[in-house]
$ cat upload.txt   # compact mmCIF, C-alpha atoms
# COMPACT_ATOMS: atom_id res chain seq x y z
CA MET A 99 133.25 64.64 145.74
CA ALA A 100 134.70 68.17 145.88
CA LEU A 101 133.58 69.06 142.34
CA GLU A 102 129.90 68.63 143.16
CA SER A 103 129.98 71.58 145.56
CA LEU A 104 131.68 73.92 143.07
CA VAL A 105 129.47 76.41 141.26
CA GLY A 106 131.82 76.61 138.27
CA TYR A 107 131.76 72.86 137.70
CA ASN A 108 127.97 72.67 137.93
CA LEU A 109 127.54 75.74 135.68
CA LYS A 110 129.72 74.15 133.04
CA ARG A 111 127.98 70.77 133.19
CA ALA A 112 124.53 72.37 133.00
CA TYR A 113 125.63 74.57 130.12
CA VAL A 114 127.01 71.59 128.16
CA ILE A 115 123.60 69.89 128.42
CA LEU A 116 121.83 72.96 127.08
CA GLN A 117 124.45 73.47 124.37
CA ASN A 118 124.24 69.87 123.12
CA ASP A 119 120.46 70.04 122.88
CA TYR A 120 120.66 73.49 121.24
CA ARG A 121 122.98 72.14 118.54
CA ALA A 122 120.77 69.11 117.96
CA VAL A 123 117.72 71.36 117.56
CA MET A 124 119.41 73.90 115.27
CA GLY A 125 121.01 71.24 113.06
CA ASP A 126 124.38 71.13 111.32
CA HIS A 127 123.77 74.29 109.32
CA GLY A 128 122.05 76.23 112.08
CA LEU A 129 123.33 79.30 113.88
CA SER A 130 125.77 78.64 116.72
CA PRO A 131 124.76 80.11 120.11
CA ARG A 132 127.17 83.00 119.64
CA VAL A 133 126.03 83.80 116.10
CA PHE A 134 122.40 83.61 117.24
CA SER A 135 123.20 86.07 120.06
CA ALA A 136 124.88 88.39 117.57
CA LEU A 137 121.89 88.24 115.22
CA THR A 138 119.58 89.07 118.14
CA PHE A 139 121.56 92.22 118.93
CA VAL A 140 121.60 93.20 115.24
CA VAL A 141 117.83 92.74 114.90
CA GLU A 142 116.92 94.43 118.18
CA THR A 143 119.37 97.37 118.17
CA PRO A 144 119.13 100.23 115.65
CA ASN A 145 122.45 101.61 114.34
CA LEU A 146 124.51 98.91 116.03
CA THR A 147 128.24 99.26 115.27
CA GLN A 148 130.78 96.44 115.30
CA SER A 149 132.31 97.90 118.47
CA ASP A 150 128.89 97.96 120.16
CA LEU A 151 128.30 94.36 119.16
CA ALA A 152 131.70 93.17 120.45
CA ARG A 153 131.04 94.88 123.77
CA ARG A 154 127.53 93.45 124.11
CA LEU A 155 128.74 89.94 123.30
CA GLY A 156 131.63 90.36 125.72
CA ILE A 157 134.25 89.37 123.13
CA GLU A 158 137.27 91.04 121.52
CA ARG A 159 136.63 93.00 118.32
CA SER A 160 139.08 90.67 116.56
CA GLY A 161 136.84 87.71 117.38
CA LEU A 162 133.83 89.48 115.92
CA VAL A 163 134.97 89.44 112.30
CA ALA A 164 134.09 85.79 111.65
CA ILE A 165 130.66 86.24 113.25
CA VAL A 166 129.77 89.32 111.21
CA ASP A 167 131.14 87.67 108.06
CA GLU A 168 128.94 84.62 108.68
CA LEU A 169 125.81 86.73 109.15
CA GLU A 170 126.65 88.77 106.08
CA GLY A 171 127.40 85.62 104.07
CA ARG A 172 123.99 84.21 105.00
CA GLY A 173 122.42 87.44 103.79
CA TYR A 174 121.16 88.33 107.28
CA LEU A 175 122.77 91.76 107.61
CA CYS A 176 124.20 94.65 105.61
CA ARG A 177 126.86 97.15 106.62
CA VAL A 178 125.25 100.55 106.15
CA ALA A 179 126.50 104.11 106.52
CA VAL A 180 125.82 105.94 109.79
CA PRO A 181 124.58 109.49 109.03
CA GLN A 182 126.09 110.99 112.21
CA ASP A 183 129.57 109.51 111.76
CA ARG A 184 130.96 108.64 108.37
CA ARG A 185 133.93 106.77 109.86
CA VAL A 186 131.78 103.91 111.15
CA GLN A 187 129.25 101.54 109.64
CA ALA A 188 126.17 100.14 111.30
CA LEU A 189 125.07 96.51 111.10
CA SER A 190 121.48 96.47 109.83
CA PRO A 191 119.37 93.32 109.56
CA THR A 192 117.88 92.30 106.20
CA ASP A 193 114.34 90.94 105.91
CA ALA A 194 115.86 87.46 105.64
CA GLY A 195 117.83 88.19 108.83
CA VAL A 196 114.71 89.20 110.75
CA GLN A 197 112.85 86.10 109.54
CA ALA A 198 115.78 83.82 110.41
CA TYR A 199 115.98 85.43 113.86
CA GLU A 200 112.26 84.91 114.55
CA ALA A 201 112.40 81.28 113.40
CA ALA A 202 115.54 80.60 115.46
CA LEU A 203 114.11 82.29 118.57
CA LYS A 204 111.05 80.03 118.40
CA LEU A 205 113.31 76.95 118.16
CA VAL A 206 115.39 78.19 121.10
CA HIS A 207 112.31 78.80 123.27
CA ASP A 208 110.99 75.32 122.47
CA HIS A 209 114.41 73.81 123.19
CA GLU A 210 114.67 75.58 126.59
CA ASP A 211 111.12 74.64 127.58
CA ARG A 212 111.89 71.00 126.81
CA ILE A 213 115.39 70.71 128.29
CA LEU A 214 114.42 72.66 131.44
CA HIS A 215 111.27 70.66 132.08
CA THR A 216 112.52 69.62 135.53
CA LEU A 217 112.33 73.26 136.68
CA ASP A 218 108.95 74.85 137.37
CA ALA A 219 108.28 78.50 136.50
CA VAL A 220 109.36 79.78 139.92
CA GLU A 221 112.62 77.81 139.82
CA ARG A 222 113.37 78.99 136.30
CA ALA A 223 112.86 82.63 137.33
CA GLN A 224 115.04 82.03 140.42
CA LEU A 225 117.80 80.57 138.26
CA LEU A 226 117.72 83.54 135.87
CA HIS A 227 117.83 85.93 138.84
CA LEU A 228 120.85 84.17 140.40
CA LEU A 229 122.75 84.00 137.10
CA LYS A 230 122.14 87.71 136.53
CA LYS A 231 123.52 88.43 140.01
CA ILE A 232 126.75 86.65 139.01
CA ARG A 233 126.83 88.58 135.73
CA GLU A 234 126.54 91.89 137.62
CA THR A 235 129.91 91.28 139.26
CA GLY A 236 131.83 90.79 136.07
CA GLU A 237 130.28 92.63 133.12
CA MET B 880 115.99 91.99 124.78
CA ALA B 881 115.09 88.36 124.02
CA LEU B 882 118.49 87.02 125.11
CA GLU B 883 118.08 88.23 128.69
CA SER B 884 115.20 85.83 129.29
CA LEU B 885 117.08 82.80 127.93
CA VAL B 886 118.63 80.44 130.47
CA GLY B 887 121.30 79.26 128.02
CA TYR B 888 122.53 82.79 127.35
CA ASN B 889 122.68 83.68 131.05
CA LEU B 890 124.38 80.37 131.92
CA LYS B 891 127.07 81.03 129.34
CA ARG B 892 127.66 84.64 130.43
CA ALA B 893 127.88 83.65 134.09
CA TYR B 894 130.22 80.79 133.27
CA VAL B 895 132.53 83.04 131.26
CA ILE B 896 132.87 85.34 134.29
CA LEU B 897 133.82 82.43 136.54
CA GLN B 898 136.14 80.96 133.92
CA ASN B 899 138.02 84.24 133.37
CA ASP B 900 138.56 84.70 137.09
CA TYR B 901 139.55 81.03 137.46
CA ARG B 902 142.22 81.41 134.77
CA ALA B 903 143.51 84.63 136.34
CA VAL B 904 143.79 82.91 139.74
CA MET B 905 145.45 79.74 138.43
CA GLY B 906 147.94 81.58 136.24
CA ASP B 907 149.35 80.78 132.81
CA HIS B 908 150.82 77.47 133.90
CA GLY B 909 147.92 76.42 136.12
CA LEU B 910 145.52 73.56 135.54
CA SER B 911 142.63 74.29 133.17
CA PRO B 912 139.14 73.69 134.64
CA ARG B 913 138.89 70.39 132.79
CA VAL B 914 142.33 69.15 133.87
CA PHE B 915 141.55 70.18 137.45
CA SER B 916 138.29 68.20 137.28
CA ALA B 917 140.19 65.19 135.94
CA LEU B 918 142.78 65.44 138.72
CA THR B 919 139.96 65.58 141.29
CA PHE B 920 138.47 62.34 139.99
CA VAL B 921 141.91 60.70 139.93
CA VAL B 922 142.65 61.72 143.53
CA GLU B 923 139.21 60.87 144.91
CA THR B 924 138.50 57.59 143.07
CA PRO B 925 140.50 54.41 143.72
CA ASN B 926 141.26 52.24 140.67
CA LEU B 927 139.88 54.81 138.21
CA THR B 928 140.25 53.67 134.59
CA GLN B 929 140.48 55.96 131.55
CA SER B 930 137.00 54.85 130.50
CA ASP B 931 135.62 55.72 133.96
CA LEU B 932 137.29 59.11 133.80
CA ALA B 933 135.92 59.91 130.33
CA ARG B 934 132.41 58.98 131.45
CA ARG B 935 132.64 61.06 134.64
CA LEU B 936 133.95 64.09 132.76
CA GLY B 937 131.25 63.61 130.13
CA ILE B 938 133.74 63.63 127.25
CA GLU B 939 134.75 61.20 124.51
CA ARG B 940 137.62 58.81 125.31
CA SER B 941 139.54 60.30 122.39
CA GLY B 942 139.44 63.72 124.08
CA LEU B 943 140.82 62.25 127.26
CA VAL B 944 144.28 61.39 125.96
CA ALA B 945 145.61 64.96 126.10
CA ILE B 946 144.27 65.43 129.63
CA VAL B 947 145.82 62.23 130.98
CA ASP B 948 149.08 63.00 129.16
CA GLU B 949 149.19 66.44 130.76
CA LEU B 950 148.64 65.05 134.26
CA GLU B 951 151.23 62.35 133.65
CA GLY B 952 153.67 64.90 132.21
CA ARG B 953 153.29 67.02 135.34
CA GLY B 954 154.07 63.94 137.43
CA TYR B 955 150.61 63.97 139.03
CA LEU B 956 149.54 60.45 138.10
CA CYS B 957 150.88 57.02 137.14
CA ARG B 958 149.23 54.33 135.08
CA VAL B 959 149.23 51.24 137.26
CA ALA B 960 148.16 47.65 136.71
CA VAL B 961 144.71 46.58 137.92
CA PRO B 962 144.98 43.24 139.73
CA GLN B 963 141.48 42.11 138.71
CA ASP B 964 141.83 42.86 134.99
CA ARG B 965 145.21 42.81 133.27
CA ARG B 966 143.79 44.39 130.10
CA VAL B 967 143.19 47.78 131.74
CA GLN B 968 145.28 50.24 133.70
CA ALA B 969 144.17 52.44 136.57
CA LEU B 970 145.10 56.09 136.94
CA SER B 971 146.66 56.53 140.38
CA PRO B 972 147.66 59.89 141.84
CA THR B 973 151.25 60.50 142.93
CA ASP B 974 152.09 62.40 146.13
CA ALA B 975 152.82 65.44 143.95
CA GLY B 976 149.41 65.01 142.35
CA VAL B 977 147.62 64.93 145.70
CA GLN B 978 149.51 68.03 146.86
CA ALA B 979 148.79 69.87 143.61
CA TYR B 980 145.12 68.93 143.92
CA GLU B 981 144.87 70.22 147.50
CA ALA B 982 146.61 73.48 146.61
CA ALA B 983 144.43 73.98 143.52
CA LEU B 984 141.22 73.19 145.41
CA LYS B 985 142.04 75.87 147.96
CA LEU B 986 142.61 78.41 145.15
CA VAL B 987 139.33 77.39 143.51
CA HIS B 988 137.37 77.75 146.75
CA ASP B 989 138.87 81.21 147.35
CA HIS B 990 138.12 82.19 143.75
CA GLU B 991 134.47 81.07 144.01
CA ASP B 992 133.97 82.79 147.37
CA ARG B 993 135.28 86.04 145.89
CA ILE B 994 133.58 85.97 142.47
CA LEU B 995 130.25 84.84 143.97
CA HIS B 996 130.24 87.45 146.74
CA THR B 997 126.91 88.88 145.49
CA LEU B 998 125.18 85.61 146.43
CA ASP B 999 124.52 84.81 150.08
CA ALA B 1000 124.81 81.23 151.38
CA VAL B 1001 121.13 80.44 150.74
CA GLU B 1002 121.29 81.77 147.17
CA ARG B 1003 124.45 79.82 146.46
CA ALA B 1004 122.86 76.59 147.70
CA GLN B 1005 119.74 77.38 145.62
CA LEU B 1006 121.88 77.90 142.53
CA LEU B 1007 123.70 74.58 143.03
CA HIS B 1008 120.36 72.82 143.53
CA LEU B 1009 118.88 74.28 140.33
CA LEU B 1010 121.98 73.48 138.26
CA LYS B 1011 121.94 69.89 139.51
CA LYS B 1012 118.27 69.63 138.48
CA ILE B 1013 119.28 70.59 134.94
CA ARG B 1014 122.15 68.09 135.06
CA GLU B 1015 119.74 65.31 136.05
CA THR B 1016 117.94 65.59 132.72
CA GLY B 1017 120.99 65.14 130.58
CA GLU B 1018 123.68 63.06 132.26
$ encode --input "upload.txt" --output "structure tokens"
Amino acid sequence: MALESLVGYNLKRAYVILQNDYRAVMGDHGLSPRVFSALTFVVETPNLTQSDLARRLGIERSGLVAIVDELEGRGYLCRVAVPQDRRVQALSPTDAGVQAYEAALKLVHDHEDRILHTLDAVERAQLLHLLKKIRETGE
Amino acid sequence: MALESLVGYNLKRAYVILQNDYRAVMGDHGLSPRVFSALTFVVETPNLTQSDLARRLGIERSGLVAIVDELEGRGYLCRVAVPQDRRVQALSPTDAGVQAYEAALKLVHDHEDRILHTLDAVERAQLLHLLKKIRETGE
């Protein structure tokens, strides 16, 4: 079977397994993987602008609007003035945003530990290393 | 950065890089990754039914209709009678379908060799092995 030797096919199939379990763990009203990633950047990065966030997520700025709107609608971030540049606004996390992030991160860690139980610690580190090598070529 | 240590995040980012290059190589009118996978199963599996194909692709039967319609519309497969069971039809590749598959597979191999150039042969085999271990848990 030609597909079984393709990296792209195996990457996609492995990702679908993680994604399905992620969605089951987070529930119907939970953060999608992309919105969770966005919240992580907002919580961890001071003075993050929308352009910064789009670049870090690797998506177009036009695609970012719905994500930022969702986080704002949930009360997880505010758009605040940037002292150095009055033309842009920074995305700052609220207390509720920080708490939601910490709770979600714990769920995500538990989910990965469970779904990746067939990999030992060395294999998991190897996998991360190899995936980062692929990312280096394209980001 | 919490995201960098998550397997799911790195899997997705690596897959997006492969997917973008795949689409660039295949062109606007090329087969999508999913349709290419479907064509591979059709070419490689005698007497493949729609139910078989849905199961192998890991998608719902309802999602399969558009894929089979596209392959039929391109003239790459025919629905043929199954001698053993007159209630079902098998998806059989046409000559054009086999040729399109062989041409696409060559493009996909070239694309993977180029986009994965930062991995040596051992690393690439390791990556496939680790991804298959994840797949074992969920398929």
$ interface_residues --input "upload.txt" --of "chain B" --to "chain A" --cutoff "6 Å" --atoms "all atoms listed in the file" --output "CSV table (one decimal) with C-alpha atoms, in the coordinates of the input"
chain,number,residue,atom,x,y,z
B,893,ALA,CA,127.9,83.6,134.1
B,896,ILE,CA,132.9,85.3,134.3
B,1010,LEU,CA,122.0,73.5,138.3
B,1013,ILE,CA,119.3,70.6,134.9
B,1014,ARG,CA,122.2,68.1,135.1
B,1017,GLY,CA,121.0,65.1,130.6
$ calpha_fit_and_write --input "upload.txt" --fixed "chain B" --moving "chain A" --output "compact mmCIF listing (two decimals) with C-alpha atoms, in the frame of the given file"
# COMPACT_ATOMS: atom_id res chain seq x y z
CA MET A 99 115.96 91.96 124.77
CA ALA A 100 115.08 88.32 124.03
CA LEU A 101 118.49 87.00 125.10
CA GLU A 102 118.09 88.21 128.67
CA SER A 103 115.21 85.80 129.28
CA LEU A 104 117.10 82.77 127.92
CA VAL A 105 118.63 80.41 130.46
CA GLY A 106 121.32 79.25 128.03
CA TYR A 107 122.54 82.77 127.35
CA ASN A 108 122.68 83.67 131.04
CA LEU A 109 124.39 80.35 131.92
CA LYS A 110 127.07 81.01 129.34
CA ARG A 111 127.66 84.61 130.42
CA ALA A 112 127.87 83.64 134.09
CA TYR A 113 130.22 80.78 133.27
CA VAL A 114 132.54 83.05 131.25
CA ILE A 115 132.88 85.34 134.29
CA LEU A 116 133.81 82.43 136.53
CA GLN A 117 136.15 80.97 133.91
CA ASN A 118 138.02 84.25 133.37
CA ASP A 119 138.56 84.70 137.09
CA TYR A 120 139.55 81.03 137.46
CA ARG A 121 142.23 81.42 134.78
CA ALA A 122 143.52 84.63 136.35
CA VAL A 123 143.79 82.91 139.74
CA MET A 124 145.44 79.73 138.44
CA GLY A 125 147.93 81.61 136.25
CA ASP A 126 149.36 80.79 132.83
CA HIS A 127 150.83 77.47 133.92
CA GLY A 128 147.93 76.42 136.12
CA LEU A 129 145.52 73.56 135.54
CA SER A 130 142.64 74.30 133.18
CA PRO A 131 139.14 73.70 134.63
CA ARG A 132 138.89 70.39 132.79
CA VAL A 133 142.32 69.16 133.86
CA PHE A 134 141.56 70.19 137.45
CA SER A 135 138.29 68.20 137.28
CA ALA A 136 140.18 65.20 135.94
CA LEU A 137 142.77 65.43 138.71
CA THR A 138 139.97 65.58 141.29
CA PHE A 139 138.47 62.34 139.99
CA VAL A 140 141.91 60.69 139.94
CA VAL A 141 142.66 61.73 143.53
CA GLU A 142 139.23 60.88 144.92
CA THR A 143 138.51 57.60 143.07
CA PRO A 144 140.50 54.41 143.71
CA ASN A 145 141.26 52.24 140.64
CA LEU A 146 139.89 54.81 138.20
CA THR A 147 140.25 53.67 134.57
CA GLN A 148 140.48 55.96 131.55
CA SER A 149 136.99 54.87 130.50
CA ASP A 150 135.62 55.73 133.95
CA LEU A 151 137.28 59.13 133.80
CA ALA A 152 135.92 59.92 130.31
CA ARG A 153 132.43 59.01 131.46
CA ARG A 154 132.65 61.07 134.65
CA LEU A 155 133.95 64.10 132.76
CA GLY A 156 131.25 63.64 130.13
CA ILE A 157 133.73 63.65 127.24
CA GLU A 158 134.76 61.20 124.50
CA ARG A 159 137.61 58.82 125.33
CA SER A 160 139.53 60.31 122.39
CA GLY A 161 139.43 63.72 124.07
CA LEU A 162 140.82 62.26 127.28
CA VAL A 163 144.28 61.42 125.96
CA ALA A 164 145.63 64.98 126.10
CA ILE A 165 144.28 65.45 129.63
CA VAL A 166 145.83 62.25 130.97
CA ASP A 167 149.08 63.01 129.15
CA GLU A 168 149.20 66.46 130.76
CA LEU A 169 148.65 65.06 134.26
CA GLU A 170 151.23 62.36 133.65
CA GLY A 171 153.68 64.90 132.21
CA ARG A 172 153.32 67.04 135.34
CA GLY A 173 154.08 63.96 137.42
CA TYR A 174 150.61 63.98 139.02
CA LEU A 175 149.55 60.44 138.10
CA CYS A 176 150.88 57.02 137.14
CA ARG A 177 149.22 54.33 135.06
CA VAL A 178 149.23 51.24 137.25
CA ALA A 179 148.13 47.65 136.72
CA VAL A 180 144.67 46.61 137.91
CA PRO A 181 144.90 43.26 139.75
CA GLN A 182 141.39 42.14 138.73
CA ASP A 183 141.78 42.87 135.01
CA ARG A 184 145.14 42.83 133.30
CA ARG A 185 143.74 44.40 130.12
CA VAL A 186 143.16 47.78 131.76
CA GLN A 187 145.28 50.23 133.71
CA ALA A 188 144.17 52.44 136.55
CA LEU A 189 145.09 56.10 136.93
CA SER A 190 146.66 56.54 140.38
CA PRO A 191 147.66 59.90 141.84
CA THR A 192 151.26 60.52 142.92
CA ASP A 193 152.10 62.40 146.12
CA ALA A 194 152.84 65.44 143.96
CA GLY A 195 149.41 64.99 142.34
CA VAL A 196 147.62 64.92 145.69
CA GLN A 197 149.51 68.02 146.87
CA ALA A 198 148.80 69.87 143.61
CA TYR A 199 145.12 68.93 143.90
CA GLU A 200 144.86 70.21 147.49
CA ALA A 201 146.61 73.48 146.61
CA ALA A 202 144.43 73.97 143.51
CA LEU A 203 141.21 73.17 145.40
CA LYS A 204 142.04 75.86 147.96
CA LEU A 205 142.61 78.40 145.15
CA VAL A 206 139.33 77.39 143.51
CA HIS A 207 137.37 77.74 146.76
CA ASP A 208 138.87 81.19 147.35
CA HIS A 209 138.13 82.18 143.76
CA GLU A 210 134.47 81.06 144.02
CA ASP A 211 133.97 82.78 147.38
CA ARG A 212 135.29 86.02 145.89
CA ILE A 213 133.58 85.96 142.49
CA LEU A 214 130.24 84.84 143.98
CA HIS A 215 130.24 87.45 146.72
CA THR A 216 126.93 88.88 145.49
CA LEU A 217 125.18 85.61 146.42
CA ASP A 218 124.52 84.80 150.07
CA ALA A 219 124.80 81.23 151.37
CA VAL A 220 121.13 80.44 150.74
CA GLU A 221 121.28 81.75 147.17
CA ARG A 222 124.46 79.82 146.46
CA ALA A 223 122.86 76.58 147.71
CA GLN A 224 119.74 77.36 145.62
CA LEU A 225 121.87 77.88 142.53
CA LEU A 226 123.71 74.58 143.03
CA HIS A 227 120.37 72.81 143.54
CA LEU A 228 118.88 74.27 140.33
CA LEU A 229 121.98 73.48 138.26
CA LYS A 230 121.94 69.89 139.52
CA LYS A 231 118.29 69.61 138.50
CA ILE A 232 119.29 70.57 134.94
CA ARG A 233 122.17 68.08 135.05
CA GLU A 234 119.76 65.29 136.06
CA THR A 235 117.96 65.59 132.73
CA GLY A 236 121.01 65.13 130.58
CA GLU A 237 123.72 63.07 132.29
$ closest_residue --input "upload.txt" --among "B:Arg935, B:Arg902, B:Arg953, B:Arg940" --to "B:Ala975" --atoms "all atoms listed in the file"
B:Arg953
$ atom_distance --input "upload.txt" --atom1 "atom CA of B:Pro972" --atom2 "atom CA of B:Gly952"
12.4 Å
$ residues_around --input "upload.txt" --residues "A:Val186" --least-positions-apart "2" --cutoff "12 Å" --atoms "all atoms listed in the file" --output "VMD selection string"
chain A and resid 145 to 150 177 to 184 188 to 189
$ atom_distance --input "upload.txt" --atom1 "atom CA of B:Leu918" --atom2 "atom CA of B:Gln978"
10.9 Å
$ closest_residue --input "upload.txt" --among "A:Val220, A:Ala164, A:Ala202, A:Val196" --to "A:Leu129" --atoms "only C-alpha atoms"
A:Ala202
$ atom_distance --input "upload.txt" --atom1 "atom CA of B:Asp974" --atom2 "atom CA of B:Gly954"
9.1 Å
$ closest_residue --input "upload.txt" --among "B:Leu950, B:Ala1000, B:His990, B:Ala982" --to "B:Val921" --atoms "all atoms listed in the file"
B:Leu950
$ closest_residue --input "upload.txt" --among "A:Ile157, A:Leu205, A:Gln187, A:Thr192" --to "A:Glu170" --atoms "all atoms listed in the file"
A:Thr192
$ closest_residue --input "upload.txt" --among "B:Gly942, B:Leu932, B:Cys957, B:Met905" --to "B:Lys985" --atoms "all atoms listed in the file"
B:Met905
$ closest_residue --input "upload.txt" --among "A:His127, A:Val133, A:Asp208, A:Val141" --to "A:Asp167" --atoms "all atoms listed in the file"
A:Val133
